[in-house]
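Coordinates from model_6.cif are shown below (mmCIF, C-alpha atoms).
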data_target
#
loop_
_atom_site.label_atom_id
_atom_site.label_comp_id
_atom_site.auth_asym_id
_atom_site.auth_seq_id
_atom_site.Cartn_x
_atom_site.Cartn_y
_atom_site.Cartn_z
CA ALA A 129 22.80 -19.83 -22.99
CA LEU A 130 20.20 -17.07 -22.72
CA LYS A 131 20.13 -17.00 -18.94
CA ARG A 132 23.50 -15.33 -18.31
CA PRO A 133 22.99 -12.42 -20.76
CA MET A 134 19.53 -11.85 -19.32
CA LEU A 135 20.90 -11.67 -15.75
CA ASN A 136 23.67 -9.32 -16.85
CA ALA A 137 21.08 -7.06 -18.48
CA LEU A 138 19.21 -6.89 -15.18
CA SER A 139 22.28 -5.79 -13.24
CA PRO A 140 21.81 -2.46 -11.39
CA THR A 141 25.37 -1.48 -12.33
CA SER A 142 24.58 -1.75 -16.03
CA VAL A 143 21.54 0.48 -15.52
CA VAL A 144 23.50 3.33 -13.93
CA ALA A 145 26.29 2.99 -16.49
CA SER A 146 23.86 3.37 -19.40
CA ARG A 147 24.83 6.46 -21.40
CA ALA A 148 21.24 7.25 -22.34
CA PHE A 149 20.13 7.06 -18.71
CA PHE A 150 22.91 9.07 -17.06
CA PRO A 151 21.91 12.60 -18.30
CA PRO A 152 18.37 12.57 -16.81
CA LEU A 153 19.73 11.10 -13.57
CA LEU A 154 22.36 13.85 -13.39
CA ALA A 155 19.77 16.53 -14.20
CA ALA A 156 17.45 15.24 -11.47
CA GLY A 157 20.32 15.33 -8.97
CA PHE A 158 21.13 18.92 -9.94
CA LEU A 159 17.46 19.91 -9.58
CA LEU A 160 17.43 18.34 -6.12
CA LEU A 161 20.42 20.44 -5.08
CA LEU A 162 18.63 23.60 -6.22
CA VAL A 163 15.50 22.68 -4.27
CA VAL A 164 17.57 21.97 -1.13
CA LEU A 165 19.19 25.39 -1.46
CA ALA A 166 15.79 27.04 -1.91
CA SER A 167 14.50 25.24 1.18
CA LEU A 168 17.33 26.67 3.27
CA LEU A 169 17.02 30.19 1.87
CA TYR A 170 13.26 30.80 1.69
CA GLY A 171 10.55 30.58 4.32
CA ALA A 172 7.39 32.21 5.57
CA GLY A 173 9.17 34.04 8.39
CA PRO A 174 11.00 37.38 8.40
CA VAL A 175 14.42 35.84 7.65
CA SER A 176 15.09 36.62 3.99
CA ALA A 177 17.24 34.76 1.50
CA SER A 178 20.09 37.26 1.95
CA ASP A 179 19.91 36.80 5.73
CA ALA A 180 20.01 33.02 5.29
CA ILE A 181 23.03 33.25 2.96
CA ALA A 182 24.83 35.42 5.50
CA ALA A 183 24.02 32.89 8.21
CA LEU A 184 25.36 30.02 6.10
CA MET A 185 28.56 32.06 5.54
CA ALA A 186 28.84 32.55 9.35
CA ASN A 187 28.23 36.30 8.98
CA GLY A 188 24.54 36.45 9.85
CA THR A 189 22.55 37.25 12.96
CA GLU A 190 21.78 34.76 15.69
CA GLU A 191 18.12 34.77 14.66
CA ALA A 192 18.98 33.89 11.06
CA TRP A 193 21.37 31.15 12.19
CA PHE A 194 18.68 29.67 14.44
CA VAL A 195 16.04 29.74 11.70
CA VAL A 196 18.31 28.12 9.13
CA THR A 197 19.89 25.44 11.32
CA GLU A 198 17.14 24.66 13.81
CA LEU A 199 13.99 25.18 11.72
CA ARG A 200 14.68 24.96 7.99
CA LEU A 201 17.46 22.35 7.99
CA PRO A 202 15.54 19.68 9.99
CA ARG A 203 12.38 20.07 7.89
CA THR A 204 14.50 19.91 4.75
CA ILE A 205 16.05 16.60 5.82
CA ILE A 206 12.69 15.15 6.85
CA ALA A 207 11.10 16.24 3.56
CA LEU A 208 13.94 14.59 1.63
CA VAL A 209 13.49 11.27 3.42
CA THR A 210 9.70 11.44 3.09
CA GLY A 211 9.90 12.07 -0.66
CA LEU A 212 12.39 9.25 -1.11
CA ALA A 213 10.17 6.78 0.74
CA LEU A 214 6.92 7.72 -1.02
CA GLY A 215 8.48 7.87 -4.48
CA LEU A 216 10.05 4.42 -4.20
CA ALA A 217 6.89 2.96 -2.64
CA GLY A 218 4.75 4.27 -5.50
CA ALA A 219 7.10 2.87 -8.15
CA LEU A 220 7.20 -0.56 -6.49
CA LEU A 221 3.43 -0.70 -6.03
CA GLN A 222 2.75 0.31 -9.63
CA SER A 223 5.21 -2.23 -11.00
CA MET A 224 3.86 -5.04 -8.80
CA THR A 225 0.23 -4.42 -9.74
CA ARG A 226 1.18 -3.48 -13.34
CA ASN A 227 -1.06 -0.46 -12.94
CA PRO A 228 0.02 3.19 -13.55
CA LEU A 229 -2.65 4.44 -11.12
CA ALA A 230 -1.55 2.30 -8.18
CA GLU A 231 -0.42 4.80 -5.57
CA PRO A 232 -0.30 4.48 -1.75
CA GLY A 233 -2.46 7.57 -1.29
CA LEU A 234 -5.08 6.41 -3.79
CA LEU A 235 -5.32 2.76 -2.79
CA GLY A 236 -5.80 3.14 0.93
CA VAL A 237 -2.22 2.35 1.99
CA SER A 238 -1.53 5.84 3.31
CA ALA A 239 -5.05 6.07 4.75
CA GLY A 240 -4.53 2.79 6.61
CA SER A 241 -1.28 4.10 8.04
CA GLY A 242 -2.92 7.41 8.91
CA PHE A 243 -5.84 5.74 10.68
CA ALA A 244 -3.45 3.65 12.76
CA VAL A 245 -1.49 6.75 13.79
CA ALA A 246 -4.71 8.65 14.62
CA LEU A 247 -5.81 5.77 16.81
CA ALA A 248 -2.43 5.82 18.56
CA ILE A 249 -2.77 9.57 19.19
CA LEU A 250 -6.24 9.02 20.64
CA LEU A 251 -4.81 6.43 23.00
CA GLY A 252 -2.29 8.92 24.34
CA ALA A 253 0.68 8.95 21.97
CA THR A 254 2.05 12.23 20.68
CA THR A 255 3.76 12.99 17.40
CA ALA A 256 7.05 13.49 19.27
CA THR A 257 7.00 10.03 20.84
CA LEU A 258 5.18 8.17 18.08
CA THR A 259 7.11 5.19 16.76
CA THR A 260 6.87 4.02 13.20
CA LEU A 261 5.61 0.57 14.15
CA VAL A 262 1.95 1.65 14.37
CA ALA A 263 2.11 3.48 11.04
CA GLN A 264 3.76 0.51 9.35
CA LEU A 265 1.18 -1.94 10.66
CA GLY A 266 -1.57 0.27 9.25
CA ALA A 267 0.23 0.51 5.92
CA LEU A 268 0.72 -3.25 5.86
CA ALA A 269 -3.00 -3.76 6.37
CA GLY A 270 -3.71 -1.34 3.53
CA CYS A 271 -1.24 -3.17 1.28
CA ALA A 272 -2.88 -6.49 2.10
CA LEU A 273 -6.27 -5.11 1.07
CA VAL A 274 -4.76 -3.76 -2.16
CA ILE A 275 -3.29 -7.14 -3.04
CA ALA A 276 -6.61 -8.81 -2.24
CA ALA A 277 -8.41 -6.31 -4.50
CA THR A 278 -6.07 -7.00 -7.42
CA ARG A 279 -6.95 -10.69 -7.23
CA VAL A 280 -10.66 -10.10 -7.65
CA GLN A 281 -11.82 -11.26 -11.06
CA GLY A 282 -11.43 -8.49 -13.60
CA LEU A 283 -10.39 -5.83 -11.07
CA GLY A 284 -6.63 -6.01 -11.25
CA ASN A 285 -6.60 -5.51 -15.04
CA ASP A 286 -8.70 -2.34 -14.95
CA PRO A 287 -6.77 0.66 -13.55
CA VAL A 288 -9.84 2.86 -13.09
CA ARG A 289 -11.83 0.22 -11.22
CA LEU A 290 -8.85 -0.48 -8.98
CA VAL A 291 -8.55 3.21 -8.12
CA LEU A 292 -12.29 3.35 -7.40
CA ALA A 293 -11.90 0.41 -5.02
CA GLY A 294 -8.94 2.15 -3.39
CA ALA A 295 -10.91 5.40 -3.12
CA THR A 296 -13.70 3.50 -1.38
CA LEU A 297 -11.25 2.06 1.12
CA THR A 298 -9.66 5.46 1.64
CA GLY A 299 -13.05 7.08 2.22
CA LEU A 300 -13.95 4.43 4.78
CA LEU A 301 -10.69 4.89 6.67
CA LEU A 302 -11.02 8.69 6.60
CA ALA A 303 -14.55 8.37 7.97
CA LEU A 304 -13.26 6.18 10.80
CA THR A 305 -10.53 8.72 11.47
CA SER A 306 -13.16 11.47 11.65
CA MET A 307 -15.10 9.39 14.17
CA LEU A 308 -11.98 9.17 16.32
CA MET A 309 -11.75 12.97 16.28
CA LEU A 310 -15.23 13.20 17.84
CA ILE A 311 -14.20 11.21 20.88
CA ASP A 312 -11.52 13.46 22.37
CA GLN A 313 -11.07 17.19 21.70
CA ARG A 314 -7.36 17.12 22.55
CA ALA A 315 -6.78 14.25 20.21
CA ALA A 316 -8.99 15.90 17.58
CA ASP A 317 -6.81 19.03 17.47
CA GLU A 318 -3.63 17.00 17.19
CA ILE A 319 -5.04 14.60 14.62
CA ARG A 320 -6.45 17.47 12.54
CA PHE A 321 -3.05 19.18 12.44
CA TRP A 322 -1.22 15.95 11.67
CA ILE A 323 -3.58 14.54 9.03
CA THR A 324 -3.20 17.56 6.72
CA GLY A 325 0.46 16.64 6.27
CA SER A 326 3.42 18.75 7.31
CA VAL A 327 7.15 18.56 7.93
CA ALA A 328 7.27 21.83 9.87
CA GLY A 329 8.39 21.72 13.47
CA LYS A 330 9.23 18.01 13.39
CA PRO A 331 12.22 17.02 15.54
CA LEU A 332 14.98 14.95 14.02
CA SER A 333 14.34 12.34 16.72
CA ILE A 334 11.39 11.16 14.60
CA LEU A 335 13.75 10.70 11.67
CA TRP A 336 16.19 8.66 13.71
CA ALA A 337 13.32 6.38 14.75
CA THR A 338 12.41 5.70 11.11
CA LEU A 339 15.93 5.15 9.76
CA PRO A 340 16.13 1.44 10.69
CA SER A 341 12.86 0.74 8.87
CA ILE A 342 13.85 2.78 5.82
CA THR A 343 17.25 1.09 5.71
CA LEU A 344 15.62 -2.33 5.84
CA ALA A 345 13.20 -1.28 3.09
CA LEU A 346 16.08 -0.15 0.86
CA VAL A 347 17.84 -3.48 1.38
CA LEU A 348 14.66 -5.35 0.47
CA MET A 349 14.16 -3.13 -2.57
CA ALA A 350 17.67 -3.91 -3.80
CA THR A 351 16.84 -7.59 -3.35
CA VAL A 352 13.60 -7.51 -5.36
CA ALA A 353 14.61 -5.04 -8.09
CA ARG A 354 16.10 -7.67 -10.38
CA PRO A 355 13.28 -10.23 -9.92
CA LEU A 356 10.72 -7.46 -10.40
CA ALA A 357 12.36 -6.49 -13.69
CA ALA A 358 12.23 -10.15 -14.71
CA MET A 359 8.52 -10.32 -13.85
CA ALA A 360 7.90 -7.57 -16.39
CA LEU A 361 8.71 -10.24 -19.00
CA GLY A 362 5.92 -12.41 -17.59
CA GLU A 363 5.63 -14.72 -14.61
CA LYS A 364 6.63 -17.76 -16.64
CA ALA A 365 9.81 -16.01 -17.74
CA ALA A 366 10.54 -14.99 -14.14
CA VAL A 367 10.06 -18.57 -12.94
CA GLY A 368 12.32 -19.75 -15.75
CA LEU A 369 15.02 -17.39 -14.45
CA GLY A 370 14.71 -18.93 -10.98
CA HIS A 371 12.48 -16.35 -9.29
CA HIS A 372 9.36 -16.96 -7.18
CA PRO A 373 6.55 -14.46 -7.99
CA GLY A 374 4.65 -15.10 -4.75
CA ARG A 375 7.72 -14.46 -2.65
CA ILE A 376 8.53 -11.34 -4.68
CA ARG A 377 5.05 -9.91 -4.10
CA PHE A 378 5.31 -10.56 -0.37
CA LEU A 379 8.69 -8.80 -0.15
CA ILE A 380 7.39 -5.85 -2.18
CA THR A 381 4.33 -5.57 0.05
CA LEU A 382 6.55 -5.54 3.12
CA THR A 383 8.86 -2.97 1.53
CA VAL A 384 5.97 -0.66 0.61
CA ALA A 385 4.55 -0.96 4.13
CA LEU A 386 7.91 -0.01 5.67
CA LEU A 387 8.35 2.96 3.33
CA VAL A 388 4.80 4.31 3.55
CA GLY A 389 4.61 3.76 7.30
CA SER A 390 7.87 5.64 7.83
CA ALA A 391 6.80 8.49 5.55
CA THR A 392 3.41 8.76 7.28
CA ALA A 393 5.04 8.87 10.70
CA LEU A 394 7.34 11.65 9.46
CA ALA A 395 4.96 13.93 7.55
CA GLY A 396 1.42 12.58 7.80
CA PRO A 397 -0.56 10.99 4.95
CA LEU A 398 0.57 12.76 1.76
CA ILE A 399 -1.41 11.71 -1.30
CA PHE A 400 -0.38 11.76 -4.97
CA VAL A 401 3.38 11.79 -4.26
CA GLY A 402 3.64 8.09 -5.07
CA LEU A 403 1.77 8.80 -8.32
CA VAL A 404 3.62 11.90 -9.50
CA VAL A 405 7.18 10.73 -8.80
CA PRO A 406 7.07 7.44 -10.79
CA PHE A 407 5.14 9.23 -13.55
CA ILE A 408 7.98 11.77 -13.93
CA ALA A 409 10.67 9.10 -13.61
CA ARG A 410 9.10 6.83 -16.25
CA ALA A 411 8.92 9.75 -18.68
CA PHE A 412 12.73 9.61 -18.83
CA SER A 413 13.47 6.00 -17.94
CA GLY A 414 10.78 4.12 -19.85
CA PRO A 415 9.11 1.03 -18.40
CA ASP A 416 12.32 -0.43 -16.91
CA ILE A 417 11.63 -0.59 -13.17
CA ARG A 418 15.33 -0.48 -12.29
CA LYS A 419 15.82 2.83 -14.10
CA THR A 420 12.58 4.14 -12.63
CA LEU A 421 13.74 3.34 -9.09
CA TRP A 422 17.09 5.03 -9.66
CA LEU A 423 15.37 8.18 -10.94
CA CYS A 424 12.89 8.15 -8.05
CA VAL A 425 15.83 8.58 -5.65
CA PRO A 426 16.38 12.27 -6.59
CA VAL A 427 12.92 13.02 -8.05
CA GLY A 428 10.94 11.94 -4.96
CA PRO A 429 12.79 14.19 -2.50
CA ALA A 430 12.74 17.06 -5.02
CA VAL A 431 8.95 16.84 -5.43
CA VAL A 432 8.15 16.77 -1.70
CA LEU A 433 10.74 19.38 -0.76
CA GLY A 434 9.64 21.61 -3.65
CA ALA A 435 6.04 21.30 -2.49
CA ASP A 436 7.14 22.22 1.03
CA VAL A 437 8.90 25.36 -0.24
CA VAL A 438 5.74 26.33 -2.14
CA SER A 439 3.65 25.74 1.01
CA ARG A 440 5.78 28.29 2.86
CA LEU A 441 5.61 30.98 0.18
CA ILE A 442 2.12 30.69 -1.31
CA ALA A 443 0.35 31.98 1.82
CA ALA A 444 3.15 33.87 3.60
CA PRO A 445 3.44 34.84 6.41
CA ALA A 446 1.25 31.79 7.11
CA GLU A 447 1.93 28.33 5.70
CA MET A 448 -0.34 26.13 3.62
CA PRO A 449 -0.49 22.46 4.70
CA LEU A 450 1.94 20.32 2.72
CA GLY A 451 -0.76 17.74 1.98
CA VAL A 452 -2.83 20.40 0.22
CA VAL A 453 0.08 21.38 -2.03
CA THR A 454 0.88 17.79 -2.98
CA ALA A 455 -2.80 17.27 -3.81
CA LEU A 456 -2.79 20.37 -6.03
CA ILE A 457 0.28 19.02 -7.83
CA GLY A 458 -0.91 15.44 -8.11
CA ALA A 459 -4.53 15.94 -9.15
CA PRO A 460 -3.68 17.23 -12.66
CA VAL A 461 -1.27 14.32 -13.14
CA LEU A 462 -3.99 11.85 -12.19
CA LEU A 463 -6.43 13.48 -14.61
CA ALA A 464 -3.82 13.42 -17.37
CA ILE A 465 -3.26 9.69 -16.88
CA VAL A 466 -6.97 8.88 -16.73
CA ARG A 467 -7.76 11.00 -19.80
CA ALA A 468 -4.94 9.45 -21.84
CA GLY A 469 -5.95 7.71 -25.01
CA ARG A 470 -4.96 4.33 -23.63
CA MET A 471 -4.24 2.96 -20.18
CA PRO A 472 -1.42 0.43 -20.59
CA SER A 473 -0.41 -1.90 -17.83
CA LEU A 474 3.17 -1.55 -16.70
#
Can you dump the structure from the file as structure tokens?
Amino acid sequence: ALKRPMLNALSPTSVVASRAFFPPLLAAGFLLLLVVLASLLYGAGPVSASDAIAALMANGTEEAWFVVTELRLPRTIIALVTGLALGLAGALLQSMTRNPLAEPGLLGVSAGSGFAVALAILLGATTATLTTLVAQLGALAGCALVIAATRVQGLGNDPVRLVLAGATLTGLLLALTSMLMLIDQRAADEIRFWITGSVAGKPLSILWATLPSITLALVLMATVARPLAAMALGEKAAVGLGHHPGRIRFLITLTVALLVGSATALAGPLIFVGLVVPFIARAFSGPDIRKTLWLCVPVGPAVVLGADVVSRLIAAPAEMPLGVVTALIGAPVLLAIVRAGRMPSL
């Protein structure tokens, strides 16, 4: 008698229809629209916001039209997809490990993906021809190490120790990446530019290559959202509702690998995004993973695209690397979580 009401409560439709949840979701969507507009209007180059508006109204110069449609629009789209992927991956990883500090950039997932891409560049691949497969394999290896770390006695229940283990793995992978840069000067220059994180100058062909993986990841996420919400009640309760925790963890690991690998192939290894986005989403959604995922859909793109706009303006006429801006945004959030009075598991 209790099973049917429980399943109805876990329905994604009921989550979106919730009156208390709709206002923050609508506000996040409106904020995203503002950030998209800012991305199209502002940049480090000589084309001003008024020039960009004139170009969008078909009354501008050819230079302004080229800058808006060929430079700013592609990087806007790529930043949106990157933020979506990293935000959802962070929320899934935190919910699976029941750890508010579990983030792809902190636990070696992004570093594993980045090391794999750096190795591919060293072997002759370029960022224009790089497929997402290499990045996803590296992310999958990082996810596997994260899951193995959470099963060590006493480690998975301590958020700080888990982050320290992830930081150790990240440091090791970054050291290996630095060793790769010493082998070939051509590869070193390309890896150095790519590893700082950027969506500038990226062709949309890279985005088209990642869309199948991201689409598959979204399908998998929709499949595991309800079982993951049930697992928040405890594994015994999830089993009683007909779910298989081991299978759920495997599907989440695969989903995170697809999302992080795609995001890394698009913009390089961006840290803290998967920490900041779920943190903001949970502030309005509470611990319900379904509501958190829905809020991550507009919040993730808004955070990455907003950081990209800041990277263009903070050092104009030059541009600051996107990875540096996301680190500046995410570091205070990490400190706030660590310094909180208590560190609850999710």
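Proximity ranking of A:Ala239, A:Ile323, A:Leu394, A:Ala328 relative to A:Ala446 places A:Ala328 first, based on all atoms listed in the file.
Shortest separation to A:Asp179 among A:Arg226, A:Ala192, A:Leu310, A:Ala219 occurs at residue A:Ala192, atoms counted being all atoms listed in the file.
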### Task
Can you pull out every residue within 10 Å of A:Gly396, counting only C-alpha atoms, but drop anything in the same chain fewer than 3 positions away, and send it as a PyMOL selection string?
chain A and resi 210+238-239+241-242+245-246+255+263+319+321-327+388-393+399+450-451
### Query
Expanded to explicit residues, what is the PyMOL selection byres ((chain A and resi 426) around 10) for this file, as a ChimeraX atom specification?
/A:153-161,208,211-212,215,405,409,421-425,427-431
### Message
Can you spell out as a ChimeraX atom specification the set of residues that the PyMOL selection byres ((chain A and resi 196) around 8) selects in the structure I just provided?
### Response
/A:168-169,180,183-184,192-195,197-201
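Between atom CA of A:Val163 and atom CA of A:Val438 the separation is 10.6 Å.
Note that the spacing between atom CA of A:Ala464 and atom CA of A:Phe407 amounts to 10.6 Å.
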### Task
Enumerate, as a PyMOL selection string, the protein, DNA and RNA residues whose atoms approach (13.5, -8.4, -1.1) to within 8 Å, taking into account only C-alpha atoms and the coordinate frame of the file.
chain A and resi 347-353+376+379-380+383
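Distance-wise, atom CA of A:Ile181 and atom CA of A:Leu441 end up 17.8 Å apart.
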